[in-house]
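Listing of structure.txt; format and content: compact mmCIF, C-alpha atoms.
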```
# COMPACT_ATOMS: atom_id res chain seq x y z
CA MET M 1 11.23 -0.09 -16.00
CA ALA M 2 12.37 -0.78 -12.43
CA ASP M 3 13.22 2.88 -11.86
CA GLY M 4 10.29 4.46 -13.72
CA LEU M 5 7.40 2.26 -12.54
CA PRO M 6 7.11 3.65 -8.96
CA LEU M 7 7.19 7.23 -10.26
CA PHE M 8 4.47 6.48 -12.81
CA VAL M 9 2.28 4.83 -10.16
CA SER M 10 2.86 7.75 -7.78
CA VAL M 11 1.69 10.25 -10.41
CA ALA M 12 -1.37 8.08 -11.08
CA ILE M 13 -2.21 7.94 -7.34
CA VAL M 14 -1.96 11.71 -6.89
CA ALA M 15 -4.00 12.32 -10.04
CA TYR M 16 -6.69 9.87 -8.87
CA PHE M 17 -7.06 11.61 -5.50
CA ALA M 18 -7.22 14.98 -7.24
CA ILE M 19 -9.93 13.84 -9.67
CA TYR M 20 -12.05 12.03 -7.07
CA LYS M 21 -11.55 14.36 -4.11
CA LYS M 22 -15.32 14.94 -3.85
CA GLU M 23 -15.88 11.20 -3.32
CA LEU M 24 -13.06 11.19 -0.77
CA TYR M 25 -14.67 14.01 1.22
CA GLU M 26 -18.03 12.22 1.09
CA LEU M 27 -16.38 9.04 2.39
CA ILE M 28 -14.83 10.88 5.33
CA GLU M 29 -18.08 12.73 6.04
CA PHE M 30 -19.99 9.44 6.08
CA MET M 31 -17.57 8.08 8.67
CA ASN M 32 -17.76 11.20 10.84
CA VAL M 33 -21.57 11.23 10.82
CA ASN M 34 -22.40 7.53 11.13
CA PHE M 35 -19.58 5.83 13.03
CA LYS M 36 -20.22 5.41 16.76
CA TRP M 37 -17.72 6.20 19.51
CA TYR M 38 -19.44 4.31 22.36
CA SER M 39 -20.94 0.83 22.28
CA ALA M 40 -24.46 0.08 23.46
CA ASN M 41 -24.89 0.33 27.21
CA GLY M 42 -24.47 -3.19 28.53
CA LEU M 43 -22.74 -5.38 31.07
CA THR M 44 -19.49 -4.79 29.15
CA ASN M 45 -18.78 -1.57 27.28
CA MET M 46 -16.12 -0.19 24.96
CA THR M 47 -15.15 2.89 23.00
CA MET M 48 -13.30 3.45 19.73
CA GLU M 49 -10.27 4.86 21.53
CA GLY M 50 -8.11 1.78 20.95
CA CYS M 51 -8.51 1.70 17.17
CA TYR M 52 -8.09 5.47 16.83
CA LYS M 53 -4.79 5.32 18.72
CA THR M 54 -3.68 2.33 16.66
CA ALA M 55 -4.50 4.11 13.39
CA ARG M 56 -2.67 7.27 14.46
CA ASN M 57 0.44 5.41 15.64
CA PHE M 58 0.53 3.28 12.49
CA ALA M 59 0.28 6.39 10.30
CA TYR M 60 3.31 7.95 11.99
CA PHE M 61 5.32 4.72 11.99
CA TYR M 62 4.58 3.71 8.40
CA THR M 63 5.28 7.19 7.04
CA ALA M 64 8.65 7.21 8.82
CA CYS M 65 9.49 3.74 7.48
CA THR M 66 8.57 4.72 3.91
CA VAL M 67 10.66 7.89 4.02
CA PHE M 68 13.59 5.95 5.49
CA SER M 69 13.34 3.27 2.79
CA VAL M 70 13.42 5.68 -0.14
CA ALA M 71 16.08 7.78 1.58
CA MET M 72 18.34 4.74 1.70
CA TYR M 73 17.69 4.21 -2.01
CA VAL M 74 19.03 7.71 -2.63
CA VAL M 75 21.72 8.11 0.03
CA LEU M 76 23.50 4.74 -0.09
CA PRO M 77 24.45 4.92 -3.82
CA MET M 78 25.69 8.48 -3.30
CA ILE M 79 27.83 7.40 -0.35
CA GLY M 80 29.18 4.51 -2.39
CA TYR M 81 30.03 6.88 -5.24
CA LEU M 82 31.72 9.54 -3.10
CA LEU M 83 33.69 7.17 -0.84
CA PHE M 84 34.31 4.13 -3.02
CA SER M 85 33.86 5.52 -6.58
CA HIS M 86 30.93 3.18 -7.31
CA PRO M 87 28.88 4.21 -10.39
CA LEU M 88 25.37 5.58 -9.88
CA HIS M 89 23.74 2.83 -11.90
CA PRO M 90 20.31 3.02 -10.28
CA TRP M 91 19.86 6.58 -11.58
CA ILE M 92 21.88 7.11 -14.77
CA TYR M 93 23.56 4.75 -17.15
CA LYS M 94 26.74 6.60 -18.07
CA ASP M 95 29.89 7.70 -16.28
CA VAL M 96 29.58 10.96 -14.38
CA GLU M 97 32.60 13.07 -13.54
CA ASP M 98 31.27 16.62 -13.37
CA GLY M 99 30.51 17.68 -9.77
CA LEU M 100 27.67 20.04 -10.70
CA PHE M 101 25.94 17.34 -12.72
CA ILE M 102 26.27 14.91 -9.80
CA PHE M 103 24.60 17.45 -7.53
CA PHE M 104 21.78 17.92 -10.03
CA VAL M 105 21.22 14.15 -10.33
CA PHE M 106 21.26 13.77 -6.54
CA PHE M 107 18.78 16.64 -6.07
CA ARG M 108 16.48 15.29 -8.80
CA GLN M 109 16.51 11.82 -7.26
CA CYS M 110 15.77 13.20 -3.79
CA VAL M 111 12.72 15.03 -5.12
CA ALA M 112 11.53 12.03 -7.13
CA GLN M 113 11.95 9.54 -4.29
CA GLY M 114 10.34 11.94 -1.81
CA PHE M 115 7.35 12.19 -4.13
CA VAL M 116 7.19 8.39 -4.40
CA ALA M 117 7.40 8.02 -0.61
CA LEU M 118 4.58 10.48 0.03
CA ALA M 119 2.29 9.16 -2.72
CA VAL M 120 2.74 5.40 -2.31
CA GLY M 121 3.33 5.56 1.44
CA GLN M 122 0.29 7.71 2.19
CA LEU M 123 -1.92 5.46 0.08
CA GLY M 124 -0.85 2.61 2.37
CA VAL M 125 -1.58 4.77 5.41
CA PHE M 126 -4.98 5.72 4.00
CA PHE M 127 -5.94 2.10 3.38
CA ALA M 128 -4.62 0.77 6.69
CA CYS M 129 -6.17 3.53 8.83
CA ASN M 130 -9.58 3.08 7.20
CA ALA M 131 -9.31 -0.69 7.67
CA ILE M 132 -8.40 -0.21 11.36
CA LEU M 133 -11.35 2.14 11.93
CA LEU M 134 -13.68 -0.27 10.13
CA CYS M 135 -12.43 -3.11 12.36
CA GLY M 136 -12.98 -0.86 15.38
CA GLN M 137 -16.60 -0.33 14.38
CA LEU M 138 -16.98 -4.09 13.98
CA ASP M 139 -15.51 -4.49 17.49
CA LEU M 140 -18.17 -2.08 18.74
CA LEU M 141 -20.88 -4.05 16.92
CA CYS M 142 -19.73 -7.37 18.40
CA CYS M 143 -19.65 -5.92 21.92
CA SER M 144 -23.13 -4.40 21.53
CA LEU M 145 -24.52 -7.62 20.04
CA ARG M 146 -23.22 -9.73 22.92
CA ASN M 147 -24.94 -7.37 25.36
CA VAL M 148 -28.38 -6.99 23.74
CA ARG M 149 -30.16 -8.78 26.60
CA TYR M 150 -28.23 -6.87 29.24
CA THR M 151 -28.94 -3.62 27.38
CA ALA M 152 -32.66 -4.35 27.70
CA LEU M 153 -32.25 -5.07 31.43
CA LEU M 154 -30.33 -1.85 32.05
CA GLN M 155 -32.87 0.22 30.11
CA ASN M 156 -35.53 -1.26 32.38
CA ASN M 157 -33.65 0.14 35.39
CA VAL M 158 -31.85 -3.02 36.49
CA ALA M 159 -28.67 -2.02 38.32
CA HIS M 160 -25.37 -2.72 36.58
CA GLU M 161 -23.94 -4.15 39.81
CA ALA M 162 -26.89 -6.53 40.04
CA LEU M 163 -25.94 -8.10 36.70
CA LYS M 164 -22.42 -8.77 37.92
CA ILE M 165 -23.66 -10.19 41.22
CA GLN M 166 -26.04 -12.57 39.43
CA GLY M 167 -23.08 -14.36 37.86
CA TYR M 168 -23.24 -13.17 34.25
CA ARG M 169 -19.57 -12.28 34.25
CA SER M 170 -18.84 -15.18 31.90
CA ILE M 171 -19.34 -12.69 29.07
CA LEU M 172 -15.81 -11.44 29.74
CA GLU M 173 -14.50 -14.95 29.07
CA ASP M 174 -16.47 -15.04 25.81
CA GLU M 175 -14.91 -11.73 24.78
CA GLN M 176 -11.30 -12.85 25.20
CA HIS M 177 -9.45 -12.63 21.87
CA SER M 178 -12.71 -11.51 20.21
CA TYR M 179 -11.74 -7.92 19.43
CA THR M 180 -9.05 -6.63 17.12
CA TYR M 181 -8.18 -3.17 18.42
CA ASN M 182 -10.66 -2.06 21.09
CA ILE M 183 -10.90 -3.40 24.64
CA SER M 184 -14.14 -4.09 26.48
CA THR M 185 -14.47 -3.37 30.20
CA GLU M 186 -17.07 -4.35 32.78
CA THR M 187 -17.33 -0.83 34.13
CA GLU M 188 -20.70 0.94 34.02
CA SER M 189 -21.07 3.37 31.13
CA SER M 190 -23.10 6.58 31.04
CA TYR M 191 -23.58 6.34 27.25
CA HIS M 192 -25.76 4.22 25.00
CA TYR M 193 -23.93 4.48 21.70
CA ASP M 194 -23.27 8.24 21.50
CA VAL M 195 -26.31 9.32 23.54
CA GLU M 196 -25.94 9.97 27.24
CA PHE M 197 -27.79 7.29 29.20
CA ILE M 198 -29.51 8.24 32.44
CA GLN M 199 -30.73 5.39 34.65
CA HIS M 200 -33.58 6.35 36.98
CA GLY M 201 -33.88 3.20 39.05
CA LYS M 202 -31.66 0.56 40.59
CA LYS M 203 -33.50 -2.77 40.55
CA ARG M 204 -31.62 -5.52 42.32
CA ARG M 205 -34.04 -8.35 41.66
CA PHE M 206 -34.94 -9.42 38.16
CA ASP M 207 -35.60 -12.48 36.00
CA ILE M 208 -33.48 -12.45 32.84
CA ASN M 209 -35.89 -14.93 31.22
CA SER M 210 -38.90 -12.68 31.72
CA LYS M 211 -40.88 -11.64 28.61
CA HIS M 212 -41.00 -8.16 30.11
CA TYR M 213 -37.54 -7.51 28.63
CA ASP M 214 -38.25 -8.84 25.13
CA ASP M 215 -39.30 -5.49 23.67
CA GLY M 216 -36.11 -3.85 24.94
CA THR M 217 -34.08 -6.75 23.56
CA ALA M 218 -35.73 -6.37 20.15
CA ARG M 219 -34.91 -2.65 20.12
CA ALA M 220 -31.29 -3.41 21.04
CA ILE M 221 -31.02 -5.94 18.20
CA LEU M 222 -32.47 -3.42 15.73
CA GLU M 223 -29.89 -0.85 16.85
CA CYS M 224 -27.14 -3.42 16.25
CA ALA M 225 -28.62 -4.10 12.81
CA ARG M 226 -28.38 -0.37 12.00
CA VAL M 227 -24.72 -0.35 13.05
CA CYS M 228 -24.16 -3.42 10.86
CA GLN M 229 -25.83 -1.62 7.96
CA VAL M 230 -23.53 1.38 8.44
CA VAL M 231 -20.49 -0.91 8.42
CA LYS M 232 -21.57 -2.61 5.20
CA GLU M 233 -22.37 0.69 3.48
CA TYR M 234 -19.02 2.17 4.47
CA GLN M 235 -17.23 -0.97 3.29
CA ASP M 236 -18.96 -0.69 -0.07
CA ARG M 237 -18.14 3.04 -0.41
CA PHE M 238 -14.55 2.50 0.66
CA GLU M 239 -14.09 -0.42 -1.73
CA THR M 240 -15.59 1.59 -4.60
CA PHE M 241 -13.15 4.42 -3.98
CA VAL M 242 -9.96 2.48 -3.37
CA SER M 243 -10.50 -0.55 -5.63
CA PRO M 244 -8.86 0.93 -8.80
CA LEU M 245 -5.82 2.05 -6.79
CA LEU M 246 -5.48 -1.40 -5.23
CA ALA M 247 -5.57 -3.04 -8.66
CA LEU M 248 -2.87 -0.63 -9.84
CA ARG M 249 -0.72 -1.40 -6.81
CA VAL M 250 -1.10 -5.17 -7.20
CA VAL M 251 -0.01 -5.04 -10.85
CA GLN M 252 2.83 -2.62 -10.08
CA VAL M 253 4.19 -4.62 -7.15
CA THR M 254 3.99 -7.89 -9.09
CA LEU M 255 6.02 -6.46 -11.99
CA TYR M 256 8.34 -4.51 -9.70
CA LEU M 257 9.24 -7.53 -7.58
CA CYS M 258 10.01 -9.44 -10.78
CA THR M 259 12.35 -6.73 -12.11
CA LEU M 260 14.05 -6.26 -8.73
CA LEU M 261 14.67 -10.00 -8.44
CA TYR M 262 16.18 -10.00 -11.91
CA ALA M 263 18.34 -6.95 -11.08
CA ALA M 264 19.55 -8.67 -7.91
CA THR M 265 20.44 -11.74 -9.98
CA LEU M 266 22.55 -9.69 -12.39
CA LYS M 267 24.27 -7.70 -9.67
CA PHE M 268 23.75 -8.36 -6.00
CA ASP M 269 23.81 -5.26 -3.78
CA MET M 270 22.17 -4.30 -0.50
CA VAL M 271 20.26 -1.35 -1.99
CA THR M 272 18.32 -3.64 -4.32
CA VAL M 273 17.70 -6.18 -1.55
CA GLU M 274 16.50 -3.46 0.82
CA TYR M 275 14.13 -2.08 -1.79
CA LEU M 276 12.92 -5.60 -2.62
CA VAL M 277 12.00 -6.24 1.02
CA ALA M 278 10.39 -2.80 1.32
CA VAL M 279 8.16 -3.40 -1.72
CA ALA M 280 7.10 -6.83 -0.42
CA LEU M 281 6.28 -5.38 3.01
CA ASP M 282 4.37 -2.55 1.37
CA ILE M 283 1.89 -4.85 -0.37
CA TYR M 284 1.76 -7.01 2.78
CA VAL M 285 0.28 -4.02 4.64
CA TYR M 286 -2.71 -3.96 2.29
CA CYS M 287 -3.23 -7.70 2.49
CA TYR M 288 -2.81 -7.87 6.27
CA PHE M 289 -5.28 -5.12 7.13
CA GLY M 290 -7.73 -6.37 4.51
CA ASN M 291 -7.52 -9.77 6.18
CA GLN M 292 -8.19 -8.17 9.58
CA ILE M 293 -11.51 -6.83 8.27
CA ILE M 294 -12.53 -10.32 7.11
CA LEU M 295 -11.60 -11.92 10.44
CA GLN M 296 -13.45 -9.37 12.57
CA ALA M 297 -16.54 -9.45 10.35
CA ASP M 298 -16.68 -13.23 10.79
CA ARG M 299 -16.83 -12.73 14.58
CA VAL M 300 -20.18 -10.95 14.35
CA SER M 301 -21.95 -14.31 14.01
CA THR M 302 -20.11 -15.63 17.07
CA ALA M 303 -21.11 -12.54 19.04
CA ALA M 304 -24.76 -13.14 18.13
CA TYR M 305 -24.51 -16.73 19.36
CA GLN M 306 -23.04 -15.49 22.67
CA SER M 307 -25.81 -12.92 23.23
CA ALA M 308 -27.76 -14.90 25.87
CA TRP M 309 -30.30 -15.78 23.20
CA THR M 310 -31.68 -18.68 25.27
CA SER M 311 -33.24 -16.14 27.66
CA MET M 312 -35.04 -14.25 24.86
CA GLY M 313 -38.58 -14.65 23.63
CA LEU M 314 -39.65 -15.65 20.15
CA ALA M 315 -39.66 -12.16 18.58
CA PRO M 316 -36.08 -11.21 19.59
CA ARG M 317 -34.83 -14.61 18.46
CA ARG M 318 -36.36 -14.08 15.01
CA LEU M 319 -34.72 -10.66 14.74
CA LEU M 320 -31.39 -12.16 15.77
CA LEU M 321 -31.76 -14.92 13.18
CA ASN M 322 -32.59 -12.39 10.46
CA MET M 323 -29.51 -10.38 11.38
CA LEU M 324 -27.35 -13.51 11.15
CA LEU M 325 -28.78 -14.32 7.72
CA ALA M 326 -28.18 -10.75 6.53
CA ASN M 327 -24.59 -10.99 7.73
CA ARG M 328 -23.75 -14.03 5.57
CA ARG M 329 -22.30 -11.80 2.85
CA PRO M 330 -18.58 -11.40 3.66
CA VAL M 331 -17.20 -7.97 4.50
CA LEU M 332 -14.01 -7.57 2.47
CA ILE M 333 -12.11 -5.10 0.32
CA ARG M 334 -11.27 -6.18 -3.24
CA ALA M 335 -8.74 -4.88 -5.72
CA GLY M 336 -10.48 -4.15 -9.00
CA ARG M 337 -13.71 -5.46 -7.45
CA PHE M 338 -12.56 -9.08 -7.96
CA LEU M 339 -9.34 -9.77 -6.00
CA PRO M 340 -9.85 -9.87 -2.21
CA MET M 341 -7.11 -8.20 -0.19
CA ASN M 342 -6.12 -10.93 2.23
CA LEU M 343 -3.06 -12.99 3.11
CA GLN M 344 -3.82 -15.53 0.38
CA THR M 345 -3.57 -12.73 -2.16
CA PHE M 346 -0.18 -11.75 -0.75
CA VAL M 347 1.12 -15.28 -1.26
CA LEU M 348 -0.36 -15.24 -4.79
CA ILE M 349 1.47 -11.98 -5.62
CA ILE M 350 4.80 -13.39 -4.41
CA LYS M 351 4.30 -16.62 -6.39
CA THR M 352 3.33 -14.72 -9.55
CA SER M 353 6.32 -12.40 -9.28
CA PHE M 354 8.68 -15.33 -8.90
CA SER M 355 7.07 -17.07 -11.89
CA TYR M 356 7.62 -13.98 -14.04
CA TYR M 357 11.18 -13.73 -12.74
CA THR M 358 11.87 -17.36 -13.69
CA LEU M 359 10.43 -16.75 -17.15
CA LEU M 360 12.57 -13.63 -17.57
CA VAL M 361 15.74 -15.49 -16.58
CA ASN M 362 15.01 -18.38 -18.97
CA VAL M 363 14.28 -16.02 -21.88
CA ASN M 364 17.53 -14.08 -21.41
CA GLU M 365 19.75 -17.13 -21.06
```
Mind turning the file's structure into structure tokens?
Amino acid sequence: MADGLPLFVSVAIVAYFAIYKKELYELIEFMNVNFKWYSANGLTNMTMEGCYKTARNFAYFYTACTVFSVAMYVVLPMIGYLLFSHPLHPWIYKDVEDGLFIFFVFFRQCVAQGFVALAVGQLGVFFACNAILLCGQLDLLCCSLRNVRYTALLQNNVAHEALKIQGYRSILEDEQHSYTYNISTETESSYHYDVEFIQHGKKRRFDINSKHYDDGTARAILECARVCQVVKEYQDRFETFVSPLLALRVVQVTLYLCTLLYAATLKFDMVTVEYLVAVALDIYVYCYFGNQIILQADRVSTAAYQSAWTSMGLAPRRLLLNMLLANRRPVLIRAGRFLPMNLQTFVLIIKTSFSYYTLLVNVNE
């Protein structure tokens, strides 16, 4: 079971992507069409560059780690057999003396473990990269929401430098530790979301509490609401697509950790320990990045509170309140549509695996 379970799950993952490739292409197309690269034009601005770089670097790093892990599972027993005459117990359960048969077993195991690495590893990359990009879009939403009043001022030809001179730079202090992957800057931007923004005037004197800017503030809040709607729709589409695979991985990892713990109890060796740690870290990736989505989505409400709402009129305040009420539903990814992927779930998986391991030891005593 310990040797065959990863291969079975890998075949199931590849088959799932092959069957639902149309839904996968639609998911990617939705992201390409609806995700924004630039935030709203405001006192502080950001782009999606940080999260795109993070997703790319993680994909390279995690793929390399997965290939290295399964390579050690193949290479170390072979080295032990050739140098120290250790039996190849992880692969076959009989003595092997024929050199040609050893080569065949080694080649078969290399192919099988390579397939497992690419299937299971790339599923982790797919989930993590989508979670990072979703967090990046939430970063963009939080930055735009904090700046809704300043967006209205800038669209009414107030100079960007005038906002900084007037002492509204405290927004940078509010934004510390508020973003997951992207970084906001106080530099003037020539884009409002993904549309080039051309400012025709440079007003130096203005009253931020003036009702003259309420219409612009209301438009800025509505634009943030549309970004929020895109985030929620993508989260729902992504969860629908990946939820069955997450449920399969949770069940597989729970059983696999149990069997690996039992195998390590019967015979302690570094290959089993290394694979045990690798499997635990693998499911941790899903839980960690799922938890990042939850944390960043919770910061949207804080961003709305820090949006200089005291200077707005009644209509923008109502829109802001409606957006806060609409955002009460948590943004999270669930395995099987019922188990949220967060750090609490990771602890639950470890506890359940150890409980099954204890039961298995007691039954076989």
Neighbour residues at most 10 Å from (-2.4, 8.0, 11.3) (only C-alpha atoms) as a ChimeraX atom specification: /M:52-63,122,125-126,128-130
Quick one: distance from atom CA of M:Arg328 to atom CA of M:Glu223 in Å, one decimal?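 Rounded to one decimal, the two atoms are 18.4 Å apart.
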Between atom CA of M:Val230 and atom CA of M:Leu332, what is the distance, to one decimal in Å? 14.4 Å
Residue among M:Ala162, M:Leu245, M:Ile28, M:Cys224 lying closest to M:Ala12, counting only C-alpha atoms: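 Of all the options, M:Leu245 lies closest to M:Ala12.
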Could you check which of M:Asn157, M:Ser355, M:Asn364, M:Asn291 is closest to M:Pro340, using all atoms listed in the file?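 The closest residue to M:Pro340 is M:Asn291.
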Write out as a PyMOL selection string the residues lying within 12 Å of M:Lys232, counting all atoms listed in the file and excluding same-chain residues fewer than 4 positions away. chain M and resi 31+34-35+134-135+137-138+141+225-228+236-239+293+297+326-333
Could you list, as a list in words, every residue within 9 Å of M:Tyr256, counting all atoms listed in the file and ignoring same-chain residues fewer than 2 positions away?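 Using all atoms listed in the file, the neighbours found are Met1, Ala2, Leu5, Pro6, Val251, Gln252, Val253, Thr254, Cys258, Thr259, Leu260, Leu261, Leu276, Val279 and Ser353 of chain M.
The residue that comes closest to M:Leu43, out of M:Leu359, M:Leu154, M:Leu348, M:Ala218 and on the basis of all atoms listed in the file, is M:Leu154.
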Best match for closeness to M:Glu188 among M:Ser39, M:Leu325, M:Phe346, M:Ala303, counting only C-alpha atoms: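 Nearest candidate to M:Glu188 out of M:Ser39, M:Leu325, M:Phe346, M:Ala303: M:Ser39.
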Could you check how far atom CA of M:Thr265 sits from atom CA of M:Val361, in Å to one decimal? 8.9 Å
